[in-house]
Structure formats: C-alpha cells, structure tokens
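Student: Got upload_17.cif for you, mmCIF, C-alpha atoms and all ligand atoms:
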data_work
#
loop_
_atom_site.group_PDB
_atom_site.id
_atom_site.type_symbol
_atom_site.label_atom_id
_atom_site.label_comp_id
_atom_site.auth_asym_id
_atom_site.auth_seq_id
_atom_site.Cartn_x
_atom_site.Cartn_y
_atom_site.Cartn_z
ATOM 1 C CA MET A 136 1.360 -3.769 21.908
ATOM 2 C CA TYR A 137 2.853 -3.921 18.389
ATOM 3 C CA SER A 138 5.940 -5.752 17.155
ATOM 4 C CA THR A 139 6.300 -4.376 13.622
ATOM 5 C CA ILE A 140 4.848 -0.878 13.747
ATOM 6 C CA ILE A 141 5.265 2.164 15.973
ATOM 7 C CA THR A 142 2.318 4.414 16.751
ATOM 8 C CA SER A 143 2.140 7.832 18.363
ATOM 9 C CA LEU A 144 -0.799 10.148 18.858
ATOM 10 C CA GLU A 145 -0.278 13.894 18.521
ATOM 11 C CA ASN A 146 -2.914 16.594 18.043
ATOM 12 C CA GLY A 147 -5.540 13.979 17.154
ATOM 13 C CA THR A 148 -3.444 12.325 14.420
ATOM 14 C CA LEU A 149 -2.226 8.756 14.907
ATOM 15 C CA LEU A 150 1.150 8.389 13.212
ATOM 16 C CA ILE A 151 1.592 4.749 12.161
ATOM 17 C CA THR A 152 5.183 3.903 11.204
ATOM 18 C CA ILE A 153 5.896 0.510 9.647
ATOM 19 C CA ASN A 154 9.144 -0.543 11.278
ATOM 20 C CA ARG A 155 11.103 -3.197 9.367
ATOM 21 C CA PRO A 156 13.679 -0.936 7.711
ATOM 22 C CA ASP A 157 16.179 -3.804 7.194
ATOM 23 C CA LYS A 158 13.545 -5.499 4.976
ATOM 24 C CA MET A 159 12.403 -2.280 3.312
ATOM 25 C CA ASN A 160 9.307 -2.368 5.577
ATOM 26 C CA ALA A 161 7.908 -5.293 3.551
ATOM 27 C CA LEU A 162 4.421 -6.360 4.596
ATOM 28 C CA ASN A 163 4.734 -9.750 6.262
ATOM 29 C CA LYS A 164 1.935 -11.436 8.230
ATOM 30 C CA ASP A 165 2.891 -9.614 11.443
ATOM 31 C CA VAL A 166 2.796 -6.183 9.795
ATOM 32 C CA ILE A 167 -0.641 -6.943 8.352
ATOM 33 C CA GLN A 168 -1.896 -8.008 11.812
ATOM 34 C CA ASP A 169 -0.400 -4.921 13.472
ATOM 35 C CA LEU A 170 -1.737 -2.526 10.825
ATOM 36 C CA GLY A 171 -5.168 -4.125 11.207
ATOM 37 C CA LYS A 172 -5.090 -3.514 14.962
ATOM 38 C CA ALA A 173 -3.863 0.049 14.491
ATOM 39 C CA MET A 174 -6.747 0.708 12.108
ATOM 40 C CA ASP A 175 -9.179 -0.703 14.695
ATOM 41 C CA GLU A 176 -7.717 1.854 17.087
ATOM 42 C CA VAL A 177 -8.321 4.614 14.522
ATOM 43 C CA TYR A 178 -11.958 3.517 14.172
ATOM 44 C CA ASN A 179 -12.643 3.067 17.897
ATOM 45 C CA ASN A 180 -10.604 5.671 19.773
ATOM 46 C CA GLU A 181 -12.483 8.972 19.931
ATOM 47 C CA ASP A 182 -9.262 10.873 20.575
ATOM 48 C CA ILE A 183 -8.038 9.858 17.120
ATOM 49 C CA LYS A 184 -9.360 12.138 14.385
ATOM 50 C CA SER A 185 -7.056 11.041 11.543
ATOM 51 C CA ALA A 186 -4.053 8.869 10.720
ATOM 52 C CA ILE A 187 -0.826 9.011 8.748
ATOM 53 C CA ILE A 188 0.879 5.864 7.479
ATOM 54 C CA THR A 189 4.613 6.031 6.785
ATOM 55 C CA GLY A 190 7.712 3.808 6.753
ATOM 56 C CA ALA A 191 10.729 3.738 9.076
ATOM 57 C CA GLY A 192 14.144 4.713 7.731
ATOM 58 C CA GLU A 193 15.138 6.808 4.766
ATOM 59 C CA LYS A 194 14.929 4.248 1.971
ATOM 60 C CA ALA A 195 11.472 2.764 1.944
ATOM 61 C CA PHE A 196 7.835 3.480 2.605
ATOM 62 C CA VAL A 197 7.029 -0.192 1.922
ATOM 63 C CA ALA A 198 8.752 -2.317 -0.771
ATOM 64 C CA GLY A 199 5.807 -4.670 -1.132
ATOM 65 C CA ALA A 200 4.374 -7.780 0.408
ATOM 66 C CA ASP A 201 7.045 -9.992 1.960
ATOM 67 C CA ILE A 202 8.187 -12.114 -0.975
ATOM 68 C CA SER A 203 9.772 -14.717 1.320
ATOM 69 C CA GLU A 204 6.257 -15.698 2.478
ATOM 70 C CA PHE A 205 5.107 -16.443 -1.108
ATOM 71 C CA LEU A 206 7.133 -19.551 -1.931
ATOM 72 C CA ALA A 207 5.048 -22.072 -0.024
ATOM 73 C CA LEU A 208 1.690 -20.826 -1.344
ATOM 74 C CA GLY A 209 -0.570 -22.233 -4.069
ATOM 75 C CA ALA A 210 -3.716 -20.693 -5.585
ATOM 76 C CA GLU A 211 -5.773 -20.946 -2.403
ATOM 77 C CA GLY A 212 -2.977 -19.698 -0.178
ATOM 78 C CA GLY A 213 -2.248 -16.784 -2.498
ATOM 79 C CA ALA A 214 -5.890 -15.764 -2.637
ATOM 80 C CA ALA A 215 -6.190 -16.177 1.141
ATOM 81 C CA LEU A 216 -3.152 -13.942 1.706
ATOM 82 C CA ALA A 217 -4.724 -11.224 -0.426
ATOM 83 C CA THR A 218 -8.129 -11.632 1.230
ATOM 84 C CA VAL A 219 -6.713 -11.397 4.754
ATOM 85 C CA GLY A 220 -4.770 -8.255 3.832
ATOM 86 C CA ARG A 221 -7.820 -6.700 2.238
ATOM 87 C CA ASN A 222 -10.105 -7.471 5.200
ATOM 88 C CA LEU A 223 -7.657 -6.580 7.959
ATOM 89 C CA VAL A 224 -5.992 -3.550 6.419
ATOM 90 C CA PHE A 225 -6.730 -2.287 2.921
ATOM 91 C CA ASP A 226 -10.519 -2.023 3.137
ATOM 92 C CA LYS A 227 -10.319 -0.651 6.678
ATOM 93 C CA ILE A 228 -8.085 2.147 5.429
ATOM 94 C CA ALA A 229 -10.047 2.902 2.263
ATOM 95 C CA TYR A 230 -13.431 2.963 4.018
ATOM 96 C CA CYS A 231 -12.278 4.554 7.275
ATOM 97 C CA PRO A 232 -14.635 7.408 8.209
ATOM 98 C CA LYS A 233 -11.639 9.408 9.444
ATOM 99 C CA PRO A 234 -9.001 10.669 6.988
ATOM 100 C CA VAL A 235 -6.005 8.366 6.503
ATOM 101 C CA ILE A 236 -3.153 9.653 4.397
ATOM 102 C CA ALA A 237 0.089 8.077 3.237
ATOM 103 C CA ALA A 238 3.369 9.922 3.826
ATOM 104 C CA VAL A 239 5.522 8.163 1.242
ATOM 105 C CA ASN A 240 9.178 8.458 2.237
ATOM 106 C CA GLY A 241 10.974 6.196 -0.273
ATOM 107 C CA PHE A 242 10.270 2.992 -2.244
ATOM 108 C CA SER A 243 6.533 2.422 -2.505
ATOM 109 C CA LEU A 244 6.395 -0.776 -4.511
ATOM 110 C CA GLY A 245 3.877 -3.565 -5.019
ATOM 111 C CA GLY A 246 1.857 -3.916 -1.821
ATOM 112 C CA GLY A 247 3.497 -0.672 -0.671
ATOM 113 C CA CYS A 248 2.106 1.269 -3.604
ATOM 114 C CA GLU A 249 -1.222 -0.475 -2.990
ATOM 115 C CA LEU A 250 -1.097 0.531 0.683
ATOM 116 C CA ALA A 251 -0.436 4.147 -0.293
ATOM 117 C CA MET A 252 -3.278 4.001 -2.844
ATOM 118 C CA ALA A 253 -5.718 2.567 -0.285
ATOM 119 C CA CYS A 254 -5.141 5.720 1.782
ATOM 120 C CA HIS A 255 -7.446 8.645 1.038
ATOM 121 C CA PHE A 256 -4.599 10.574 -0.566
ATOM 122 C CA ARG A 257 -0.819 10.695 -0.653
ATOM 123 C CA VAL A 258 1.997 13.103 0.174
ATOM 124 C CA ALA A 259 5.479 12.114 -1.015
ATOM 125 C CA SER A 260 9.074 13.085 -0.332
ATOM 126 C CA VAL A 261 11.240 13.988 -3.331
ATOM 127 C CA ASN A 262 13.022 10.625 -3.119
ATOM 128 C CA ALA A 263 9.801 8.554 -3.207
ATOM 129 C CA LYS A 264 9.550 5.934 -5.956
ATOM 130 C CA PHE A 265 6.386 4.186 -7.032
ATOM 131 C CA GLY A 266 5.779 1.000 -8.974
ATOM 132 C CA GLN A 267 3.922 -2.285 -9.265
ATOM 133 C CA PRO A 268 6.745 -4.756 -9.980
ATOM 134 C CA GLU A 269 4.705 -7.942 -9.340
ATOM 135 C CA VAL A 270 5.066 -8.978 -12.972
ATOM 136 C CA ASN A 271 8.801 -9.434 -12.294
ATOM 137 C CA LEU A 272 7.728 -12.203 -9.907
ATOM 138 C CA GLY A 273 5.270 -13.795 -12.356
ATOM 139 C CA LEU A 274 2.437 -12.216 -10.371
ATOM 140 C CA ILE A 275 -0.136 -9.451 -10.458
ATOM 141 C CA PRO A 276 -1.048 -7.068 -7.624
ATOM 142 C CA GLY A 277 -3.416 -8.633 -5.064
ATOM 143 C CA TYR A 278 -4.227 -5.767 -2.718
ATOM 144 C CA GLY A 279 -6.324 -3.747 -5.176
ATOM 145 C CA GLY A 280 -3.431 -2.338 -7.231
ATOM 146 C CA THR A 281 -4.892 -3.070 -10.673
ATOM 147 C CA GLN A 282 -8.060 -1.267 -9.608
ATOM 148 C CA ARG A 283 -6.783 1.722 -7.665
ATOM 149 C CA LEU A 284 -3.859 2.497 -9.975
ATOM 150 C CA THR A 285 -6.196 2.528 -12.978
ATOM 151 C CA ARG A 286 -8.593 4.842 -11.153
ATOM 152 C CA LEU A 287 -5.884 7.229 -10.078
ATOM 153 C CA ILE A 288 -3.747 7.521 -13.216
ATOM 154 C CA GLY A 289 -5.992 6.184 -16.004
ATOM 155 C CA HIS A 290 -6.193 3.060 -18.130
ATOM 156 C CA GLY A 291 -3.250 3.512 -20.508
ATOM 157 C CA LYS A 292 -0.611 4.570 -17.994
ATOM 158 C CA ALA A 293 -1.756 1.922 -15.501
ATOM 159 C CA MET A 294 -1.479 -0.745 -18.192
ATOM 160 C CA GLU A 295 2.062 0.400 -18.998
ATOM 161 C CA LEU A 296 3.293 0.570 -15.393
ATOM 162 C CA LEU A 297 1.706 -2.780 -14.468
ATOM 163 C CA MET A 298 3.111 -4.563 -17.523
ATOM 164 C CA THR A 299 6.608 -3.024 -17.540
ATOM 165 C CA ALA A 300 7.112 -2.922 -13.750
ATOM 166 C CA ASP A 301 8.731 0.475 -14.324
ATOM 167 C CA MET A 302 9.311 2.674 -11.287
ATOM 168 C CA ILE A 303 8.378 6.351 -11.397
ATOM 169 C CA GLY A 304 9.678 9.197 -9.261
ATOM 170 C CA ALA A 305 7.692 11.508 -7.022
ATOM 171 C CA GLU A 306 7.322 14.347 -9.538
ATOM 172 C CA GLU A 307 5.987 12.032 -12.255
ATOM 173 C CA ALA A 308 3.678 10.453 -9.680
ATOM 174 C CA LYS A 309 2.358 13.940 -8.932
ATOM 175 C CA THR A 310 1.881 14.751 -12.612
ATOM 176 C CA LEU A 311 -0.080 11.522 -13.013
ATOM 177 C CA GLY A 312 -2.300 12.222 -9.978
ATOM 178 C CA LEU A 313 -0.895 9.431 -7.849
ATOM 179 C CA VAL A 314 0.350 11.864 -5.194
ATOM 180 C CA ASN A 315 -0.979 15.279 -4.223
ATOM 181 C CA HIS A 316 2.178 16.969 -2.921
ATOM 182 C CA VAL A 317 5.929 16.441 -3.195
ATOM 183 C CA VAL A 318 8.094 17.930 -0.444
ATOM 184 C CA ALA A 319 11.627 17.627 0.967
ATOM 185 C CA ALA A 320 12.125 14.463 3.018
ATOM 186 C CA ASP A 321 12.422 16.382 6.292
ATOM 187 C CA GLU A 322 9.170 18.244 5.553
ATOM 188 C CA LEU A 323 7.102 15.152 4.729
ATOM 189 C CA LEU A 324 5.428 14.485 8.065
ATOM 190 C CA ASN A 325 4.897 18.181 8.731
ATOM 191 C CA LYS A 326 3.118 18.550 5.394
ATOM 192 C CA ALA A 327 0.868 15.571 6.116
ATOM 193 C CA LYS A 328 0.120 16.831 9.645
ATOM 194 C CA GLU A 329 -0.590 20.354 8.400
ATOM 195 C CA ILE A 330 -3.199 19.094 5.913
ATOM 196 C CA LEU A 331 -4.830 16.946 8.597
ATOM 197 C CA GLN A 332 -4.910 19.848 11.070
ATOM 198 C CA LYS A 333 -6.907 21.801 8.490
ATOM 199 C CA ILE A 334 -9.308 18.859 8.034
ATOM 200 C CA HIS A 335 -9.695 18.569 11.838
ATOM 201 C CA THR A 336 -11.303 22.034 11.864
ATOM 202 C CA LYS A 337 -14.139 20.751 9.618
ATOM 203 C CA ALA A 338 -17.245 18.844 10.702
ATOM 204 C CA PRO A 339 -16.304 15.162 11.290
ATOM 205 C CA ILE A 340 -19.651 13.770 10.070
ATOM 206 C CA ALA A 341 -19.334 15.769 6.853
ATOM 207 C CA ILE A 342 -15.775 14.451 6.404
ATOM 208 C CA ALA A 343 -16.959 10.848 6.922
ATOM 209 C CA ASN A 344 -19.682 11.372 4.335
ATOM 210 C CA ILE A 345 -17.224 12.859 1.844
ATOM 211 C CA ILE A 346 -14.991 9.791 2.191
ATOM 212 C CA ALA A 347 -18.004 7.485 1.685
ATOM 213 C CA CYS A 348 -19.314 9.424 -1.338
ATOM 214 C CA VAL A 349 -15.944 9.691 -3.099
ATOM 215 C CA ASN A 350 -15.400 5.961 -2.534
ATOM 216 C CA GLU A 351 -18.846 5.174 -3.934
ATOM 217 C CA CYS A 352 -18.085 7.289 -6.986
ATOM 218 C CA SER A 353 -14.809 5.596 -7.782
ATOM 219 C CA ASP A 354 -15.531 2.047 -6.585
ATOM 220 C CA GLY A 355 -17.929 1.238 -9.397
ATOM 221 C CA ASN A 356 -17.603 -2.481 -9.766
ATOM 222 C CA HIS A 357 -16.828 -4.233 -6.462
ATOM 223 C CA HIS A 358 -16.443 -7.569 -8.251
ATOM 224 C CA SER A 359 -13.321 -6.319 -9.972
ATOM 225 C CA PHE A 360 -11.518 -6.337 -6.598
ATOM 226 C CA ASP A 361 -12.717 -9.930 -5.975
ATOM 227 C CA ASN A 362 -11.607 -10.964 -9.444
ATOM 228 C CA GLU A 363 -8.158 -9.488 -8.884
ATOM 229 C CA ILE A 364 -7.773 -11.730 -5.816
ATOM 230 C CA VAL A 365 -8.838 -14.836 -7.793
ATOM 231 C CA ARG A 366 -6.388 -14.036 -10.597
ATOM 232 C CA PHE A 367 -3.639 -13.210 -8.078
ATOM 233 C CA GLY A 368 -4.206 -16.679 -6.567
ATOM 234 C CA GLU A 369 -4.120 -18.349 -10.005
ATOM 235 C CA CYS A 370 -0.669 -16.891 -10.636
ATOM 236 C CA PHE A 371 0.612 -18.813 -7.588
ATOM 237 C CA GLU A 372 -0.042 -22.077 -9.486
ATOM 238 C CA THR A 373 2.396 -21.160 -12.262
ATOM 239 C CA GLU A 374 6.023 -22.195 -12.666
ATOM 240 C CA ASP A 375 6.776 -18.600 -13.654
ATOM 241 C CA MET A 376 5.689 -17.364 -10.207
ATOM 242 C CA LYS A 377 7.960 -19.901 -8.502
ATOM 243 C CA GLU A 378 10.820 -18.860 -10.790
ATOM 244 C CA GLY A 379 10.182 -15.117 -10.258
ATOM 245 C CA THR A 380 9.992 -15.421 -6.496
ATOM 246 C CA LYS A 381 13.088 -17.649 -6.243
ATOM 247 C CA ALA A 382 15.004 -15.342 -8.576
ATOM 248 C CA PHE A 383 14.276 -12.345 -6.315
ATOM 249 C CA LEU A 384 15.382 -14.194 -3.197
ATOM 250 C CA GLU A 385 18.500 -15.506 -4.990
ATOM 251 C CA LYS A 386 19.215 -11.962 -6.259
ATOM 252 C CA ARG A 387 19.198 -12.921 -9.958
ATOM 253 C CA LYS A 388 17.069 -12.186 -13.019
ATOM 254 C CA PRO A 389 14.123 -14.542 -13.597
ATOM 255 C CA VAL A 390 13.729 -16.619 -16.765
ATOM 256 C CA PHE A 391 10.014 -16.933 -17.571
ATOM 257 C CA LYS A 392 8.675 -19.724 -19.783
ATOM 258 C CA GLY A 393 4.963 -18.944 -19.914
ATOM 259 C CA ASN A 394 3.815 -21.907 -17.840
HETATM 260 N N1 LIG A 401 9.900 -8.841 0.453
HETATM 261 C C1 LIG A 401 10.857 -9.420 1.218
HETATM 262 N N2 LIG A 401 12.072 -8.883 1.380
HETATM 263 C C2 LIG A 401 12.319 -7.730 0.769
HETATM 264 C C3 LIG A 401 11.373 -7.069 -0.042
HETATM 265 C C4 LIG A 401 10.112 -7.685 -0.184
HETATM 266 N N3 LIG A 401 9.156 -7.141 -0.921
HETATM 267 N N4 LIG A 401 11.920 -5.937 -0.535
HETATM 268 C C5 LIG A 401 13.177 -5.885 -0.039
HETATM 269 N N5 LIG A 401 13.417 -6.951 0.744
HETATM 270 C C6 LIG A 401 14.642 -7.288 1.485
HETATM 271 C C7 LIG A 401 15.741 -7.793 0.558
HETATM 272 O O1 LIG A 401 15.577 -9.189 0.301
HETATM 273 C C8 LIG A 401 16.968 -7.494 1.392
HETATM 274 O O2 LIG A 401 17.069 -8.468 2.397
HETATM 275 P P1 LIG A 401 18.529 -9.063 2.795
HETATM 276 O O3 LIG A 401 19.302 -7.864 3.272
HETATM 277 O O4 LIG A 401 18.225 -10.049 3.880
HETATM 278 O O5 LIG A 401 19.081 -9.664 1.535
HETATM 279 C C9 LIG A 401 16.602 -6.182 2.066
HETATM 280 O O6 LIG A 401 15.180 -6.096 2.048
HETATM 281 C C10 LIG A 401 17.168 -4.964 1.377
HETATM 282 O O7 LIG A 401 16.734 -4.988 0.014
HETATM 283 P P2 LIG A 401 17.739 -4.929 -1.227
HETATM 284 O O8 LIG A 401 17.043 -5.508 -2.416
HETATM 285 O O9 LIG A 401 19.066 -5.516 -0.864
HETATM 286 O O10 LIG A 401 17.893 -3.323 -1.367
HETATM 287 P P3 LIG A 401 18.184 -2.487 -2.685
HETATM 288 O O11 LIG A 401 18.428 -1.095 -2.219
HETATM 289 O O12 LIG A 401 19.229 -3.167 -3.527
HETATM 290 O O13 LIG A 401 16.803 -2.535 -3.536
HETATM 291 C C11 LIG A 401 14.409 -2.454 -3.828
HETATM 292 C C12 LIG A 401 15.635 -1.966 -3.011
HETATM 293 C C13 LIG A 401 13.181 -1.932 -3.108
HETATM 294 C C14 LIG A 401 14.476 -1.905 -5.244
HETATM 295 C C15 LIG A 401 14.415 -3.991 -3.863
HETATM 296 O O14 LIG A 401 14.531 -4.470 -2.535
HETATM 297 C C16 LIG A 401 13.179 -4.607 -4.466
HETATM 298 O O15 LIG A 401 13.052 -4.649 -5.683
HETATM 299 N N6 LIG A 401 12.268 -5.144 -3.634
HETATM 300 C C17 LIG A 401 11.133 -5.911 -4.054
HETATM 301 C C18 LIG A 401 10.082 -5.054 -4.680
HETATM 302 C C19 LIG A 401 8.937 -5.909 -5.137
HETATM 303 O O16 LIG A 401 9.034 -6.722 -6.041
HETATM 304 N N7 LIG A 401 7.790 -5.719 -4.504
HETATM 305 C C20 LIG A 401 6.593 -6.394 -4.853
HETATM 306 C C21 LIG A 401 6.348 -7.527 -3.957
HETATM 307 S S1 LIG A 401 4.780 -8.262 -4.328
#
If you took the structure in this file and wrote it as structure tokens, what would it be?

Tutor:
Amino acid sequence: MYSTIITSLENGTLLITINRPDKMNALNKDVIQDLGKAMDEVYNNEDIKSAIITGAGEKAFVAGADISEFLALGAEGGAALATVGRNLVFDKIAYCPKPVIAAVNGFSLGGGCELAMACHFRVASVNAKFGQPEVNLGLIPGYGGTQRLTRLIGHGKAMELLMTADMIGAEEAKTLGLVNHVVAADELLNKAKEILQKIHTKAPIAIANIIACVNECSDGNHHSFDNEIVRFGECFETEDMKEGTKAFLEKRKPVFKGN
C-alpha cells in the first residue's frame, strides 16, 4: 500500500515510520503522498485512536524536504510544492481530531522539524537534533516552520535559529519548549505510546475539541502561513537558492551573492 512509509496499528495507535534511511528520511514527493494517505487512514479508520510519526534508522527522524527535487523549480513550482505538502500532510496532522505525536529519533531538520512541529506535541530521544537550515540553501521554511517555531519557542530564539541555521540538541529543545520529553533512544516509542494510552482513556470528543481550541488559540493569523508559502516560492527565483541547493548536492559550502 505504501512505498516510502511503514505503518502498524497496535492498541489503537497507528505507528507511521518514514522509511528512507539512506536519504535521512528526506520528504520527497512519494513520502508526502504516502503520509497524506496514512493521515486519511487516521481520520477515517475508527480503530485508530491516535498516531505516532517517527523515522526509520538510528540517525534521522527526517532531514528535511528532498533537496534534489528543488533544482528544477521556480517561484510557482516552489510555492506549489509547499502548498501540496501543507494540504496533503501538514494541515491534516495539525488539525487532526485524534492526537498525533512526533517521536523524534535523530536529525529533525528543515521540513523534518516542521513535520515534528505540525504534530500536537513531541517526544525526543537524547540524540535528536533540531534545526531549520533552509537559509544554508538560500531558502526559508515552507511547511509552516517560521510560524510554528516562533509560536513554540518565541520570537527572539526563532529569529536566531532561522537566521543562523544552528542545530540544537534534545535537552535544549526541551528547555525551549520544542519537545516535551527527552528519553533514551530505546525508550522513545514506549514513551510516546504510554502517553497516548493515557489519552485513549479520556473522552474522544473532548480530546478533539481540545486540539481544535488549542489550535485556534495559537493559529492567530492564518494569512501568515500563506505568506510564508509565497515568500518560500520567491526564494526559488534567486541565484542564491540555485547556488545553495547545488552546493549541498555537490557537498561543498555555498557562496551567496545576494541576488
Ligand atoms: N534531501 C535530499 N537528500 C538528503 C537530505 C535532504 N534533505 N538530507 C540528507 N540527504 C542525503 C545526502 O545527500 C546523502 O545522500 P548520498 O549518500 O546519496 O550522498 C545521504 O542523505 C546521507 O546524508 P549525508 O549528508 O551524507 O549524512 P551526514 O551524516 O554527513 O549529515 C545531515 C547528515 C542531516 C547533517 C545532512 O545530511 C544535512 O545537512 N542534510 C540536509 C539538511 C537540510 O538542509 N534540510 C533542509 C532541507 S529544506
């Protein structure tokens, strides 16, 4: 049924594992399609009460959108990529009436950090690393990262992380409010499942309403998500984006010229 993810249902929780470990579980078009379908399953299957999203292997949760798919895109293509991801995956997770949590097992970068932030909350292993390194590619986040990171950790720290592309470890992420719990790698899924088992004992309609109300509280200005997509697309028209993307694929440092 899926080519890039693995799903399994246990005790009412659908475990969704992104399975491209040789590419750090980067989100290519196929992963986005598969995650979208898995989220439809979460919405529509009455046996599913909650979901966990995690990454295969020991190194990465998700190291971002698949950079190799960026090179051919201009402003419209860039914005379309972000819009498709938002409609198929990110909004479905954020507004899902059933709890969806991220079990972050390694690098959670760019679109990976955005995927974790779209989940209702996050549990991390001690080796998890978070960051929004898009600026290294001459880009900005396009899956809601400028919005959700700012909400979760505040204006000043979000500005710094987005502009420096610095990575932070799990403990700092917890101090900042980006993750709720940090546990040993082999305890990660158990911790996530344990929290969800507790939530399963509560009234599902009340849970759905909590998710809706908390989202309404923090969403504020919906246009800011649309504007992020427009600005993300605009970056695709720049020479700096082409240089940043090529430099990553050629495994060298980019030289940006401001055009
Ligand atoms: N898109 C496409 N491919 C990616 C990727 C991404 N976001 N992240 C990693 N990969 C690929 C690498 O190109 C490499 O492929 P190869 O073996 O065919 O050369 C493979 O995954 C392993 O990654 P590598 O960089 O060799 O591993 P590392 O341990 O040296 O570094 C990271 C790990 C996560 C620090 C590094 O891969 C990285 O910086 N990734 C990109 C992060 C990023 O900018 N994300 C934002 C995208 S918008």

Student: Find, counting all atoms listed in the file, the residue in A:Leu284, A:Val318, A:Ala161, A:Val365 that gets nearest to ligand LIG 401 (chain A).

Tutor: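 Closest candidate: A:Ala161.
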
Student: Give as a count of residues only the residues surrounding ligand LIG 401 (chain A) up to a distance of 6 Å, considering only C-alpha atoms and all ligand atoms.

Tutor: 16

Student: Could you list the residues chosen by the PyMOL selection byres (((chain A and resi 184-195) around 7) and not hetatm) in this structure as a VMD selection string?

Tutor: chain A and resid 147 to 156 159 to 160 182 to 183 196 to 198 233 to 243 331 335

Student: Using only C-alpha atoms, tabulate the residues of range 301-379 of chain A lying at most 8 Å from any atom of range 223-232 of chain A, each with its closest atom pair and that distance in Å to one decimal, by chain and increasing residue number, as JSON lines.

Tutor:
{"residue": "A:Ile342", "atom": "CA", "partner": "A:Pro232", "partner_atom": "CA", "distance": 7.4}
{"residue": "A:Ala343", "atom": "CA", "partner": "A:Pro232", "partner_atom": "CA", "distance": 4.3}
{"residue": "A:Asn344", "atom": "CA", "partner": "A:Pro232", "partner_atom": "CA", "distance": 7.5}
{"residue": "A:Ile346", "atom": "CA", "partner": "A:Pro232", "partner_atom": "CA", "distance": 6.5}
{"residue": "A:Ala347", "atom": "CA", "partner": "A:Tyr230", "partner_atom": "CA", "distance": 6.8}
{"residue": "A:Asn350", "atom": "CA", "partner": "A:Tyr230", "partner_atom": "CA", "distance": 7.5}

Student: What is the CA of Asn271 in chain A to CA of Cys254 in chain A distance in Å?

Tutor: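 Computed distance, CA of Asn271 in chain A to CA of Cys254 in chain A, equals 24.9 Å.
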
Student: I'd like the residues picked by the PyMOL selection byres (((chain A and resi 293) around 12) and not hetatm) written out as a ChimeraX atom specification, using the chain letters and numbers from the file.

Tutor: /A:265-267,276,280-292,294-303,308,311-313

Student: So that I can see what lies close to Tyr278 in chain A, please list as an MDAnalysis selection string the residues with an atom at most 7 Å from it, counting all atoms listed in the file and leaving out residues fewer than 5 positions away in the same chain.

Tutor: chainID A and resid 217 221 246 249

Student: Please put the answer as JSON: centre and edge lengths, in Å with one decimal, of a box along x, y and z that encloses all listed atoms of range 258-273 of chain A plus 8 Å on each side.

Tutor:
{"center_x": 7.5, "center_y": 0.1, "center_z": -6.4, "size_x": 27.0, "size_y": 43.8, "size_z": 29.1}

Student: Using only C-alpha atoms, which residue out of A:Asp169, A:Glu204, A:Glu176, A:Glu145 lies closest to Thr380 in chain A?

Tutor: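 Of all the options, A:Glu204 lies closest to Thr380 in chain A.
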
Student: For a test of reading the model, state the distance in Å between CA of Gly277 in chain A and CA of Phe367 in chain A, rounded to one decimal.

Tutor: 5.5 Å

Student: For CA of Ala215 in chain A and CA of Cys348 in chain A, quote the distance in Å rounded to one decimal.

Tutor: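 Spanning CA of Ala215 in chain A to CA of Cys348 in chain A is a straight-line distance of 28.9 Å.
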
Student: Point out the residue among A:Asn180, A:Gly279, A:Thr373, A:Val258 with the least atom-to-atom distance to His357 in chain A, counting all atoms listed in the file.

Tutor: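 The answer is A:Gly279, which sits nearest to His357 in chain A.
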
Student: Please determine, counting all atoms listed in the file, which residue among A:Val314, A:Ala259, A:Met376, A:Val390 has the shortest atom-to-atom distance to Leu208 in chain A.

Tutor: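 Selected residue with least distance to Leu208 in chain A: A:Met376.
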
Student: Of the candidates A:Ser353, A:Thr218, A:Asn394, A:Thr139, which one gets nearest to Phe371 in chain A if we count only C-alpha atoms?

Tutor: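 Counting only C-alpha atoms, the residue closest to Phe371 in chain A is A:Asn394.
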